[in-house]
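A.B. asks: Once you've had a glance at the structure underneath, I'll fire off some questions.
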2 protein chains.
Amino acid sequence: MKPKRVTSQDVADRAGVSRTTVSLVLNEVQGIQISEETRRRVLEAAQFLDYVPEAAAQALASRRVGIIGLILTRSPRHIASDTFLTQILDGLVEVVHEQGMRLLIDILEAHNQKETYLHLVRSKRIDGLILSGPRFDDAALKSLETDGFPTVLMGSLPGSGFYSVDVDNFNAAREAVNHLIKLGHRRIACITNAATTYTAASERLRGYRRALEAAGLSYDHGLVSQGDFDPESGYQQMKKMLQTEYAYKAPFTAAFVASDVVAFGAKAAIREHHLKIPEDIALVGFDDVPFARYSDPPLTTVRLPAHDLGRTTGNQLIRIVMGEKIDRPRILLDTELIIRESCGAQRP
Amino acid sequence: MKPKRVTSQDVADRAGVSRTTVSLVLNEVQGIQISEETRRRVLEAAQFLDYVPEAAAQALASRRVGIIGLILTRSPRHIASDTFLTQILDGLVEVVHEQGMRLLIDILEAHNQKETYLHLVRSKRIDGLILSGPRFDDAALKSLETDGFPTVLMGSLPGSGFYSVDVDNFNAAREAVNHLIKLGHRRIACITNAATTYTAASERLRGYRRALEAAGLSYDHGLVSQGDFDPESGYQQMKKMLQTEYAYKAPFTAAFVASDVVAFGAKAAIREHHLKIPEDIALVGFDDVPFARYSDPPLTTVRLPAHDLGRTTGNQLIRIVMGEKIDRPRILLDTELIIRESCGAQRP
DNA sequence: TTGTAAGCGTTATCAC
DNA sequence: GTGATAACGCTTACAA
C-alpha cells in the first residue's frame with residue numbers, strides 16, 4: 001500500500017555504487033574526483049527513482065538544516081511597516097532560494113516569552129537568524145551574542161555588537177527636509193513616525209534637525225510633534241499644531257511627516273482647516289506606500305528599498321552562516337526622494 | 001572550548017534513569033504510568049541542564065517535523081493582498097504556536113519551477129501545506145491530492161477536491177451593492193478588483209449581479225469594467241465610464257469598486273470630472289484597507305477577516321495533520337459591511 | 001576513485 | 001514502571 005520511501009541506498013543499488021558515492025555526487029562535493037561515468041549513472045538513477053533526500057536525516061548528519069529564521073516583533077501599532085513586509089519577504093526568499101535554503105518565519109508575542117527565538121536556536125531548527133524590529137529581550141540577545149550564533153539585525157540596535165542592515169533614515173530625512181528648504185521654506189513643521197525610542201524615528205528626527213541646522217534655521221520645539229504609526233496620530237498632531245503654532249505664531253509653510261500613513265491623517269487635519277496643499281502648506285512624507293502617488297495631490301516622499309533590504313539582510317546572514325569573512329558589519333541602505341506635487345514649486 | 005551539546009543521555013544520567021524514560025516524561029506520552037518521583041527527577045534534571053531536544057533528531061525518529069508550510073504565489077500585481085499578509089500571518093502563527101509548531105514560508109516564482117512546493121513535501125520538511133493564491137501548477141497539485149498530503153487552500157480553486165478556507169466574496173459583494181440599492185440607487189456601476197479569472201473577482205461580480213437581480217434592476221454591460229489590482233486601473237476604468245456612460249446615457253449615481261485600492265484610483269477620476277462623493281456618485285469599496293477610513297470622505301467598504309482567515313486555515317490544516325475528522329471541508333468566512341460616509345444618505 | 005563503517009540524537013519496540 | 005536495543009536516512013572520516 002504505502003509506497004516505501006526512496007532512500008539513497010536505493011539509488012546506490014540502482015547505480016551499482018555505494019551510498020557514499022551517491023552522497024558525493026548529489027552534493028557536488030568539491031575537491032574529489034569522480035568519474036564522469038559514475039556520476040552519470042548516479043544522477044540517472046536518482047532521477048529515475050525521483051529521489052529526494054530527507055531533510056531531517058541530512059540535517060542530523062551534516063549539522064546544517066538549510067533553514068534561516070526571520071523573527072518579527074509583533075505589535076498592532078506596526079501597521080506602517082506592514083506595507084513592506086511582502087516586499088522584504090520577497091527579497092529575502094529570493095536570496096535564500098539562491099542558496100537552496102528555506103525561510104522559517106516567526107512572530108514574537110508579548111505573552112509568549114517562553115517560546116522565544118532562543119528555542120529555535122537551541123533546537124537547531126535554523127542555521128541563522130534575522131531579527132526584525134527594535135525591541136528584544138535582553139537576556140536572550142546577550143546569549144545569542146555570547147554563543148556567536150549567526151545573527152543579523154534588520155534595523156538598528158545602537159550599542160549592540162550585532163551585524164545589521166538598515167535603511168539610512170538620517171540621510172533620507174535630511175534630504176527630504178533639504179528639498180523643502182531649497183524650495184524656500186523657512187518654517188517647517190515635523191511629525192515623527194513614532195516615539196523616538198524607535199531608532200528609525202529618532203534618526204529621522206535627527207535628519208530633520210541637521211537639515212535645519214545646515215541651513216542656519218532655528219529648531220523650534222513647537223513645530224515638532226510625535227506621531228504614532230497610524231493616521232489618527234497624524235490627524236491629532238497636525239490639528240494641534242495648526243491650532244496653536246499656526247494660528248497664534250508665525251505660520252509654518254511646510255511639514256515633514258516621517259511616515260506616509262501618518263501624513264495621510266495630517267492631510268485630513270489640513271483639509272479641515274481649509275488650508276491647501278501645497279499652496280498653504282507643502283507636505284513631504286516618508287516610505288512611499290503604494291497609494292502615495294494617487295493621493296490628492298500626489299505625495300512627495302522618500303522611497304524605502306524594501307526589496308533590497310530583504311536581499312541584503314539575507315545575503316549578509318547567509319555569508320555569516322557559510323563562515324565567510326564579512327567586510328561591512330553594519331550596512332545602511334540608500335533611499336530615494338520621490339518628488340511629486342505635494343510640495344509645489346519654488347516659493348517667492 | 002565548545003560546550004558540548006546537552007543530549008537526552010545527559011538528562012538520563014543526571015536523573016538516574018534511561019533515555020527512554022526521559023523521552024516518555026518529556027513528551028508526556030499518554031497511556032503509560034510513570035511514578036511521580038521519577039517524573040520529577042527527570043524534569044528537574046532537564047531544567048537544570050537546560051535541555052532542548054534537537055529538532056532534526058526528533059523529526060528523523062518520529063516522522064514529524066513540527067513545521068507547516070505556507071506557500072505564496074508571487075505576483076507583482078498582487079499589491080492589494082499585501083495589505084493583509086501581516087494579519088494573516090499573525091493569525092496563522094498564533095494557532096501554529098498553540099500546537100508547538102512553526103511556520104515555514106515560501107514564495108513561488110514563475111521562473112523557479114524546479115524548486116516547487118513538492119520538494120518541501122518530498123523532503124519531509126513540512127507536515128502540512130497551506131497554498132495561498134489562485135494559480136498552481138496542475139501536475140504538482142494532482143500529485144499532492146493523490147498522495148493525500150495534508151493540504152489546505154487559502155482561497156478557492158473550483159473543481160478541486162482540496163480542503164479550503166476562503167472569504168465569502170459573493171455574499172459580501174451582494175450585501176455591499178444591496179446597501180446602495182436600499183439607499184435608493186438604481187444605476188450602479190461596478191469596477192472589479194481584477195480579471196475574473198481570479199475567483200475572488202468573479203465571485204464579487206456575481207454578488208453584484210445577484211443584488212441587482214433580486215432588486216429587479218437590469219444588468220448593464222456598459223456599467224461594468226475590469227480593474228487590475230492597482231489604483232491606476234481604477235482611475236482609467238472610472239474615467240472611461242464617466243466619459244461614455246455618464247456623459248451620454250443615463251448617469252449612474254453609485255459605484256461598487258471591488259477593491260479599496262482600485263477605488264482610490266476611481267476616486268481621482270471622479271474628482272477630475274468635478275463630481276462629488278457622495279452627492280453625485282456614492283462609492284463603496286472592498287477590503288477595508290487601513291487608510292480607507294481616513295480618505296475624504298471616509299470610504300464605506302467591506303471588511304475582510306484577515307486575521308481569522310489565518311487562524312481558521314491554520315486550525316484546519318493542523319487538525320488534518322493530527323488525523324482528526326474534518327466536518328466542513330470548505331469554509332467560507334463572513335465579512336462585515338463598514339458603513340462610513342462615501343455613500344451619503346437615502347436618496348429622494 | 002570508491003567502499004566500509006561509525007556516528008548524528010531521538011523515538012519506538014519489546015523484554016524484564 | 002523501566003531499560004536495552006534497534007531503527008530513522010544521511011554524511012563523512014578513513015580505509016582500500
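The way I read the labels, and the way they are meant: chains A, B, ... in the order of the C-alpha cells, residue 1 as the first residue of every chain, and ligand 1 as the first ligand shown, with later ones counted on from there.
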After superposing chain A onto chain B (least squares, all C-alpha atoms, pairing by order), export the transformed chain as a tab-separated table (two decimals) with C-alpha atoms, in the first residue's frame.
C.D. replies:
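Contents of the output file superposed.tsv:
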```tsv
chain	number	residue	atom	x	y	z
A	1	MET	CA	36.17	25.00	24.06
A	2	LYS	CA	32.96	24.06	22.38
A	3	PRO	CA	30.53	23.17	25.15
A	4	LYS	CA	29.31	19.78	24.16
A	5	ARG	CA	25.66	19.59	23.31
A	6	VAL	CA	23.32	18.44	26.04
A	7	THR	CA	21.59	15.26	24.91
A	8	SER	CA	18.76	13.26	26.33
A	9	GLN	CA	21.39	10.84	27.59
A	10	ASP	CA	22.80	13.56	29.82
A	11	VAL	CA	19.37	14.20	31.23
A	12	ALA	CA	18.85	10.49	31.74
A	13	ASP	CA	22.16	10.14	33.55
A	14	ARG	CA	21.49	13.05	35.83
A	15	ALA	CA	18.00	11.84	36.65
A	16	GLY	CA	19.22	8.30	37.07
A	17	VAL	CA	16.84	6.87	34.49
A	18	SER	CA	16.99	5.73	30.88
A	19	ARG	CA	16.57	7.82	27.77
A	20	THR	CA	13.25	6.14	27.17
A	21	THR	CA	11.88	7.53	30.38
A	22	VAL	CA	13.22	10.94	29.57
A	23	SER	CA	11.47	10.86	26.25
A	24	LEU	CA	8.22	9.66	27.76
A	25	VAL	CA	8.20	12.34	30.40
A	26	LEU	CA	9.24	15.20	28.19
A	27	ASN	CA	6.77	14.36	25.47
A	28	GLU	CA	3.98	13.85	27.96
A	29	VAL	CA	3.06	10.59	26.33
A	30	GLN	CA	-0.47	9.58	27.23
A	31	GLY	CA	-1.66	6.19	28.36
A	32	ILE	CA	1.44	5.42	30.29
A	33	GLN	CA	2.02	5.66	33.99
A	34	ILE	CA	5.13	7.24	35.34
A	35	SER	CA	5.66	7.82	39.01
A	36	GLU	CA	5.48	11.39	40.17
A	37	GLU	CA	8.90	11.01	41.70
A	38	THR	CA	10.52	9.92	38.43
A	39	ARG	CA	8.76	12.57	36.45
A	40	ARG	CA	9.90	15.24	38.84
A	41	ARG	CA	13.49	14.08	38.70
A	42	VAL	CA	13.52	14.06	34.91
A	43	LEU	CA	11.96	17.48	34.65
A	44	GLU	CA	14.39	18.84	37.17
A	45	ALA	CA	17.40	17.41	35.39
A	46	ALA	CA	16.20	18.71	32.05
A	47	GLN	CA	15.69	22.14	33.45
A	48	PHE	CA	19.00	22.13	35.24
A	49	LEU	CA	20.89	21.13	32.13
A	50	ASP	CA	18.82	23.49	30.01
A	51	TYR	CA	18.06	20.64	27.70
A	52	VAL	CA	16.43	21.32	24.33
A	53	PRO	CA	15.80	18.34	22.06
A	54	GLU	CA	17.34	18.56	18.63
A	55	ALA	CA	14.65	19.05	16.07
A	56	ALA	CA	16.33	17.07	13.31
A	57	ALA	CA	16.78	13.99	15.43
A	58	GLN	CA	13.26	14.24	16.70
A	59	ALA	CA	11.96	14.57	13.18
A	60	LEU	CA	13.97	11.67	11.89
A	61	ALA	CA	12.77	9.36	14.60
A	62	SER	CA	9.19	10.48	14.95
A	63	ARG	CA	8.45	11.16	11.30
A	64	ARG	CA	7.04	14.56	12.14
A	65	VAL	CA	8.93	17.78	11.81
A	66	GLY	CA	6.57	20.18	13.54
A	67	ILE	CA	6.60	22.66	10.71
A	68	ILE	CA	3.85	23.66	8.38
A	69	GLY	CA	4.48	25.42	5.12
A	70	LEU	CA	2.80	28.48	3.70
A	71	ILE	CA	3.20	28.94	-0.02
A	72	LEU	CA	2.51	32.30	-1.56
A	73	THR	CA	2.19	32.85	-5.24
A	74	ARG	CA	4.27	35.79	-6.13
A	75	SER	CA	2.88	38.37	-8.41
A	76	PRO	CA	3.91	42.00	-8.46
A	77	ARG	CA	0.34	42.90	-9.26
A	78	HIS	CA	-0.83	41.45	-6.01
A	79	ILE	CA	-0.22	44.63	-4.15
A	80	ALA	CA	-3.71	44.67	-2.75
A	81	SER	CA	-3.34	41.43	-0.93
A	82	ASP	CA	-0.14	42.66	0.66
A	83	THR	CA	-2.20	44.71	2.99
A	84	PHE	CA	-3.38	41.61	4.73
A	85	LEU	CA	-0.34	39.43	4.74
A	86	THR	CA	0.78	40.53	8.17
A	87	GLN	CA	-2.62	39.98	9.68
A	88	ILE	CA	-2.95	36.60	8.05
A	89	LEU	CA	0.51	35.60	9.20
A	90	ASP	CA	-0.32	36.78	12.65
A	91	GLY	CA	-3.37	34.54	12.91
A	92	LEU	CA	-1.55	31.65	11.37
A	93	VAL	CA	1.46	31.88	13.63
A	94	GLU	CA	-0.88	32.09	16.59
A	95	VAL	CA	-2.46	28.69	16.02
A	96	VAL	CA	0.77	27.15	14.88
A	97	HIS	CA	2.39	28.18	18.14
A	98	GLU	CA	-0.52	26.81	20.11
A	99	GLN	CA	0.49	23.42	18.80
A	100	GLY	CA	4.17	23.96	19.43
A	101	MET	CA	4.81	24.05	15.72
A	102	ARG	CA	6.53	26.51	13.41
A	103	LEU	CA	5.81	28.15	10.11
A	104	LEU	CA	7.93	27.92	7.00
A	105	ILE	CA	7.13	30.42	4.31
A	106	ASP	CA	7.93	30.24	0.66
A	107	ILE	CA	7.19	32.30	-2.37
A	108	LEU	CA	6.61	30.69	-5.70
A	109	GLU	CA	8.25	32.46	-8.55
A	110	ALA	CA	7.42	31.87	-12.16
A	111	HIS	CA	10.98	31.23	-13.20
A	112	ASN	CA	11.63	29.01	-10.26
A	113	GLN	CA	9.53	26.02	-11.10
A	114	LYS	CA	12.05	23.37	-10.17
A	115	GLU	CA	12.03	24.56	-6.60
A	116	THR	CA	8.36	23.99	-6.21
A	117	TYR	CA	6.50	23.20	-3.08
A	118	LEU	CA	6.66	19.56	-4.03
A	119	HIS	CA	10.24	19.55	-2.93
A	120	LEU	CA	9.20	20.67	0.51
A	121	VAL	CA	6.84	17.77	0.65
A	122	ARG	CA	9.16	15.14	-0.75
A	123	SER	CA	12.02	16.12	1.47
A	124	LYS	CA	9.62	15.93	4.43
A	125	ARG	CA	10.52	19.42	5.48
A	126	ILE	CA	6.93	20.14	6.40
A	127	ASP	CA	4.03	18.20	7.89
A	128	GLY	CA	1.35	20.08	6.02
A	129	LEU	CA	0.88	22.74	3.43
A	130	ILE	CA	-1.16	25.89	2.98
A	131	LEU	CA	-1.45	27.09	-0.57
A	132	SER	CA	-2.40	30.70	-0.98
A	133	GLY	CA	-3.32	32.31	-4.24
A	134	PRO	CA	-5.33	31.03	-7.09
A	135	ARG	CA	-2.85	29.67	-9.59
A	136	PHE	CA	-0.87	26.53	-9.17
A	137	ASP	CA	0.92	24.10	-11.33
A	138	ASP	CA	-1.59	21.42	-12.16
A	139	ALA	CA	0.69	18.42	-12.19
A	140	ALA	CA	2.14	19.22	-8.82
A	141	LEU	CA	-1.29	19.80	-7.35
A	142	LYS	CA	-2.59	16.54	-8.68
A	143	SER	CA	0.30	14.69	-7.16
A	144	LEU	CA	-0.43	16.30	-3.80
A	145	GLU	CA	-4.01	15.17	-4.01
A	146	THR	CA	-3.06	11.63	-4.97
A	147	ASP	CA	-0.54	11.36	-2.17
A	148	GLY	CA	-3.12	12.63	0.24
A	149	PHE	CA	-0.63	15.07	1.63
A	150	PRO	CA	-2.24	17.34	4.24
A	151	THR	CA	-3.11	20.46	2.29
A	152	VAL	CA	-5.44	23.39	2.72
A	153	LEU	CA	-6.14	26.06	0.16
A	154	MET	CA	-6.38	29.64	1.29
A	155	GLY	CA	-8.79	30.88	-1.30
A	156	SER	CA	-10.80	28.77	-3.70
A	157	LEU	CA	-9.94	26.54	-6.59
A	158	PRO	CA	-13.27	25.43	-8.04
A	159	GLY	CA	-13.39	21.85	-9.12
A	160	SER	CA	-10.56	20.68	-6.93
A	161	GLY	CA	-11.17	18.32	-4.08
A	162	PHE	CA	-8.98	20.18	-1.63
A	163	TYR	CA	-9.87	21.45	1.77
A	164	SER	CA	-10.15	25.19	1.63
A	165	VAL	CA	-10.83	28.30	3.64
A	166	ASP	CA	-11.95	31.45	1.94
A	167	VAL	CA	-13.78	34.67	2.45
A	168	ASP	CA	-17.40	34.72	1.35
A	169	ASN	CA	-16.79	37.12	-1.51
A	170	PHE	CA	-20.17	36.51	-3.08
A	171	ASN	CA	-22.29	37.44	-0.11
A	172	ALA	CA	-20.00	40.27	0.85
A	173	ALA	CA	-20.39	41.90	-2.54
A	174	ARG	CA	-24.10	41.23	-2.57
A	175	GLU	CA	-24.51	42.93	0.76
A	176	ALA	CA	-22.44	45.91	-0.30
A	177	VAL	CA	-24.46	46.47	-3.46
A	178	ASN	CA	-27.64	45.88	-1.53
A	179	HIS	CA	-26.67	48.73	0.71
A	180	LEU	CA	-26.51	51.02	-2.31
A	181	ILE	CA	-29.86	49.77	-3.57
A	182	LYS	CA	-31.52	50.34	-0.23
A	183	LEU	CA	-30.19	53.88	-0.34
A	184	GLY	CA	-32.26	54.37	-3.47
A	185	HIS	CA	-29.67	53.90	-6.20
A	186	ARG	CA	-30.88	52.36	-9.42
A	187	ARG	CA	-27.93	52.67	-11.75
A	188	ILE	CA	-24.86	51.26	-10.07
A	189	ALA	CA	-21.52	50.92	-11.80
A	190	CYS	CA	-19.04	48.21	-10.93
A	191	ILE	CA	-15.29	47.93	-11.24
A	192	THR	CA	-13.91	44.54	-10.38
A	193	ASN	CA	-10.78	44.14	-8.30
A	194	ALA	CA	-9.06	42.04	-10.93
A	195	ALA	CA	-9.59	39.85	-13.96
A	196	THR	CA	-12.43	37.43	-13.39
A	197	THR	CA	-10.10	34.51	-13.86
A	198	TYR	CA	-9.37	35.16	-10.22
A	199	THR	CA	-12.11	33.45	-8.28
A	200	ALA	CA	-12.34	36.26	-5.75
A	201	ALA	CA	-13.02	38.72	-8.56
A	202	SER	CA	-15.62	36.58	-10.27
A	203	GLU	CA	-17.38	35.87	-6.99
A	204	ARG	CA	-17.60	39.55	-6.17
A	205	LEU	CA	-18.98	40.29	-9.59
A	206	ARG	CA	-21.50	37.51	-9.15
A	207	GLY	CA	-22.60	39.10	-5.88
A	208	TYR	CA	-23.10	42.40	-7.66
A	209	ARG	CA	-25.27	40.77	-10.30
A	210	ARG	CA	-27.30	38.83	-7.81
A	211	ALA	CA	-28.07	41.94	-5.78
A	212	LEU	CA	-29.21	43.76	-8.90
A	213	GLU	CA	-31.31	40.79	-9.92
A	214	ALA	CA	-32.96	40.44	-6.57
A	215	ALA	CA	-33.97	44.08	-6.70
A	216	GLY	CA	-35.34	43.75	-10.20
A	217	LEU	CA	-32.65	45.98	-11.67
A	218	SER	CA	-31.23	45.19	-15.05
A	219	TYR	CA	-27.61	44.32	-15.57
A	220	ASP	CA	-25.92	46.77	-17.91
A	221	HIS	CA	-22.66	45.72	-19.51
A	222	GLY	CA	-21.60	49.28	-20.00
A	223	LEU	CA	-21.65	49.82	-16.27
A	224	VAL	CA	-19.17	47.06	-15.53
A	225	SER	CA	-15.45	47.21	-16.08
A	226	GLN	CA	-12.41	45.35	-14.98
A	227	GLY	CA	-9.90	46.61	-12.45
A	228	ASP	CA	-6.44	45.18	-12.10
A	229	PHE	CA	-5.25	45.34	-8.50
A	230	ASP	CA	-3.82	48.86	-8.57
A	231	PRO	CA	-5.16	52.41	-8.31
A	232	GLU	CA	-4.18	53.20	-11.86
A	233	SER	CA	-6.60	50.62	-13.23
A	234	GLY	CA	-9.38	52.11	-11.12
A	235	TYR	CA	-8.56	55.55	-12.39
A	236	GLN	CA	-8.61	54.47	-16.03
A	237	GLN	CA	-11.78	52.42	-15.80
A	238	MET	CA	-13.72	55.05	-13.92
A	239	LYS	CA	-12.56	57.74	-16.31
A	240	LYS	CA	-13.72	55.65	-19.23
A	241	MET	CA	-17.12	55.02	-17.73
A	242	LEU	CA	-17.56	58.67	-16.87
A	243	GLN	CA	-16.72	59.68	-20.41
A	244	THR	CA	-19.03	57.19	-22.06
A	245	GLU	CA	-21.86	56.01	-19.86
A	246	TYR	CA	-22.07	58.92	-17.56
A	247	ALA	CA	-21.92	61.62	-20.16
A	248	TYR	CA	-23.98	60.15	-22.96
A	249	LYS	CA	-26.44	57.82	-21.32
A	250	ALA	CA	-28.26	57.88	-18.03
A	251	PRO	CA	-25.61	58.77	-15.44
A	252	PHE	CA	-24.99	56.25	-12.69
A	253	THR	CA	-25.38	57.50	-9.16
A	254	ALA	CA	-23.26	54.92	-7.41
A	255	ALA	CA	-20.30	52.66	-7.93
A	256	PHE	CA	-19.21	49.42	-6.33
A	257	VAL	CA	-15.46	49.02	-6.63
A	258	ALA	CA	-14.40	45.58	-5.47
A	259	SER	CA	-11.11	46.77	-3.96
A	260	ASP	CA	-10.29	49.79	-1.83
A	261	VAL	CA	-7.02	50.28	-3.60
A	262	VAL	CA	-8.69	50.31	-7.00
A	263	ALA	CA	-11.40	52.55	-5.56
A	264	PHE	CA	-8.73	55.01	-4.57
A	265	GLY	CA	-7.84	55.43	-8.22
A	266	ALA	CA	-11.48	55.63	-9.25
A	267	LYS	CA	-11.92	58.45	-6.79
A	268	ALA	CA	-9.20	60.44	-8.50
A	269	ALA	CA	-11.09	60.13	-11.78
A	270	ILE	CA	-14.34	61.24	-10.18
A	271	ARG	CA	-12.57	64.22	-8.66
A	272	GLU	CA	-11.13	65.08	-12.04
A	273	HIS	CA	-14.62	65.19	-13.50
A	274	HIS	CA	-15.65	67.67	-10.84
A	275	LEU	CA	-18.10	65.22	-9.40
A	276	LYS	CA	-18.68	64.94	-5.66
A	277	ILE	CA	-18.71	61.88	-3.44
A	278	PRO	CA	-21.29	61.01	-2.25
A	279	GLU	CA	-23.56	63.74	-3.62
A	280	ASP	CA	-23.04	62.87	-7.29
A	281	ILE	CA	-21.70	59.37	-6.97
A	282	ALA	CA	-21.90	57.10	-3.96
A	283	LEU	CA	-18.89	54.85	-3.58
A	284	VAL	CA	-18.40	51.56	-1.81
A	285	GLY	CA	-15.13	49.70	-1.74
A	286	PHE	CA	-13.92	46.29	-0.62
A	287	ASP	CA	-11.21	45.12	1.82
A	288	ASP	CA	-11.19	47.91	4.39
A	289	VAL	CA	-7.53	48.70	4.05
A	290	PRO	CA	-6.10	50.81	6.88
A	291	PHE	CA	-6.44	54.17	5.16
A	292	ALA	CA	-10.02	53.62	3.99
A	293	ARG	CA	-11.47	55.37	6.98
A	294	TYR	CA	-9.15	58.34	6.60
A	295	SER	CA	-9.88	59.07	3.01
A	296	ASP	CA	-12.10	61.98	2.08
A	297	PRO	CA	-14.88	61.15	2.60
A	298	PRO	CA	-14.30	58.04	4.72
A	299	LEU	CA	-14.91	55.03	2.54
A	300	THR	CA	-17.78	52.62	3.06
A	301	THR	CA	-16.33	49.19	2.46
A	302	VAL	CA	-16.33	45.49	3.28
A	303	ARG	CA	-14.04	44.34	6.03
A	304	LEU	CA	-12.15	41.10	5.46
A	305	PRO	CA	-11.44	38.85	8.43
A	306	ALA	CA	-7.75	38.57	7.63
A	307	HIS	CA	-6.59	37.48	11.05
A	308	ASP	CA	-9.38	34.94	11.28
A	309	LEU	CA	-8.54	33.68	7.82
A	310	GLY	CA	-5.06	32.87	9.08
A	311	ARG	CA	-6.33	31.23	12.24
A	312	THR	CA	-9.00	29.16	10.56
A	313	THR	CA	-6.75	27.95	7.78
A	314	GLY	CA	-4.05	27.02	10.25
A	315	ASN	CA	-6.48	25.25	12.50
A	316	GLN	CA	-7.93	23.28	9.67
A	317	LEU	CA	-4.53	22.15	8.46
A	318	ILE	CA	-3.31	21.18	11.88
A	319	ARG	CA	-6.39	19.07	12.47
A	320	ILE	CA	-5.75	17.29	9.21
A	321	VAL	CA	-2.11	16.74	10.11
A	322	MET	CA	-3.22	15.36	13.48
A	323	GLY	CA	-5.46	12.95	11.66
A	324	GLU	CA	-8.66	14.38	13.08
A	325	LYS	CA	-11.96	14.14	11.31
A	326	ILE	CA	-12.85	17.27	9.39
A	327	ASP	CA	-16.48	18.27	9.48
A	328	ARG	CA	-16.51	21.10	6.98
A	329	PRO	CA	-14.00	20.58	4.16
A	330	ARG	CA	-14.70	24.00	2.70
A	331	ILE	CA	-15.13	26.96	4.94
A	332	LEU	CA	-16.37	30.39	3.94
A	333	LEU	CA	-15.68	33.20	6.38
A	334	ASP	CA	-18.11	36.03	6.92
A	335	THR	CA	-17.30	39.64	6.19
A	336	GLU	CA	-18.66	42.84	7.61
A	337	LEU	CA	-20.02	45.86	5.81
A	338	ILE	CA	-18.45	48.97	7.30
A	339	ILE	CA	-20.69	51.94	6.66
A	340	ARG	CA	-18.90	55.26	6.60
A	341	GLU	CA	-19.65	58.37	4.60
A	342	SER	CA	-18.88	57.70	0.97
A	343	CYS	CA	-22.46	56.62	0.27
A	344	GLY	CA	-24.26	59.53	1.86
A	345	ALA	CA	-27.86	59.17	2.97
A	346	GLN	CA	-31.08	57.86	1.51
A	347	ARG	CA	-31.78	59.30	-1.91
A	348	PRO	CA	-35.01	61.04	-2.69
```
A.B. asks: Using only C-alpha atoms (C1' of nucleotides), find each residue in chain C having at least one atom no more than 9 Å away from chain A; report its shortest atom-to-atom pair and that distance in Å (one decimal), rows by chain then rising number, as CSV.
C.D. replies:
```
residue,atom,partner,partner_atom,distance
C:DT1,C1',A:Ile34,CA,6.1
C:DT2,C1',A:Thr21,CA,6.9
C:DG3,C1',A:Ser18,CA,6.3
C:DG7,C1',A:Ala61,CA,8.2
C:DC8,C1',A:Ala61,CA,5.0
C:DG9,C1',A:Leu60,CA,7.8
```
A.B. asks: Can you spit out the residues from that selection as a CSV table (one decimal), in the first residue's frame, using N, CA and C atoms (P, O5', C5', C4', C3', O3' and C1' of nucleotides)?
C.D. replies:
```
chain,number,residue,atom,x,y,z
C,1,DT,P,40.4,10.1,-9.5
C,1,DT,O5',38.9,9.6,-9.5
C,1,DT,C5',38.5,8.7,-10.4
C,1,DT,C4',38.1,7.5,-9.6
C,1,DT,C3',36.6,7.6,-9.0
C,1,DT,O3',35.9,6.5,-9.6
C,1,DT,C1',38.2,6.7,-7.4
C,2,DT,P,34.4,6.3,-9.3
C,2,DT,O5',34.3,5.5,-8.0
C,2,DT,C5',34.6,4.1,-8.0
C,2,DT,C4',34.6,3.5,-6.6
C,2,DT,C3',33.3,3.5,-5.8
C,2,DT,O3',32.9,2.2,-5.7
C,2,DT,C1',35.1,4.1,-4.5
C,3,DG,P,31.5,1.7,-5.0
C,3,DG,O5',32.0,1.2,-3.6
C,3,DG,C5',33.0,0.2,-3.5
C,3,DG,C4',33.4,-0.1,-2.1
C,3,DG,C3',32.2,-0.3,-1.2
C,3,DG,O3',32.6,-1.4,-0.3
C,3,DG,C1',33.5,1.5,-0.3
C,7,DG,P,31.7,5.8,16.6
C,7,DG,O5',30.1,5.6,16.4
C,7,DG,C5',29.2,6.6,16.9
C,7,DG,C4',29.4,7.8,16.1
C,7,DG,C3',28.3,8.9,16.4
C,7,DG,O3',28.9,10.2,16.5
C,7,DG,C1',28.1,8.3,14.1
C,8,DC,P,28.5,11.2,17.6
C,8,DC,O5',27.2,11.9,17.0
C,8,DC,C5',27.3,12.9,16.0
C,8,DC,C4',25.9,13.3,15.5
C,8,DC,C3',24.8,13.2,16.6
C,8,DC,O3',24.6,14.5,17.2
C,8,DC,C1',24.1,12.2,14.5
C,9,DG,P,24.7,14.6,18.7
C,9,DG,O5',23.1,14.4,19.1
C,9,DG,C5',22.2,15.3,18.6
C,9,DG,C4',20.8,14.6,18.8
C,9,DG,C3',20.5,14.3,20.3
C,9,DG,O3',19.2,14.8,20.5
C,9,DG,C1',20.1,12.4,18.9
```
A.B. asks: Range 152-314 of chain A: which residues are strand (DSSP E) by DSSP, as a PyMOL selection string?
C.D. replies: chain A and resi 152-154+163-167+188-191+224-225+254-257+282-284+301-303
A.B. asks: If you count only C-alpha atoms (C1' of nucleotides), which residues fall within 12 Å of DA15 in chain C, apart from same-chain ones fewer than 6 positions away, as a ChimeraX atom specification?
C.D. replies: /D:2-5
A.B. asks: Do you know which residues are at most 10 Å from DA13 in chain D counting only C-alpha atoms (C1' of nucleotides), after dropping those on the same chain fewer than 2 positions away, and could you put them as a VMD selection string?
C.D. replies: (chain C and resid 5 to 6) or (chain D and resid 11 15)
A.B. asks: DSSP on the backbone: which residues in range 122-267 of chain A end up as alpha helix (DSSP H)? Give the answer as a VMD selection string.
C.D. replies: chain A and resid 122 138 to 147 169 to 182 199 to 214 231 to 241 247 to 248 260 to 267
A.B. asks: Give the residues of chain D that lie within 10 Å of chain A; count only C-alpha atoms (C1' of nucleotides), and format the answer as a count of residues only.
C.D. replies: 5
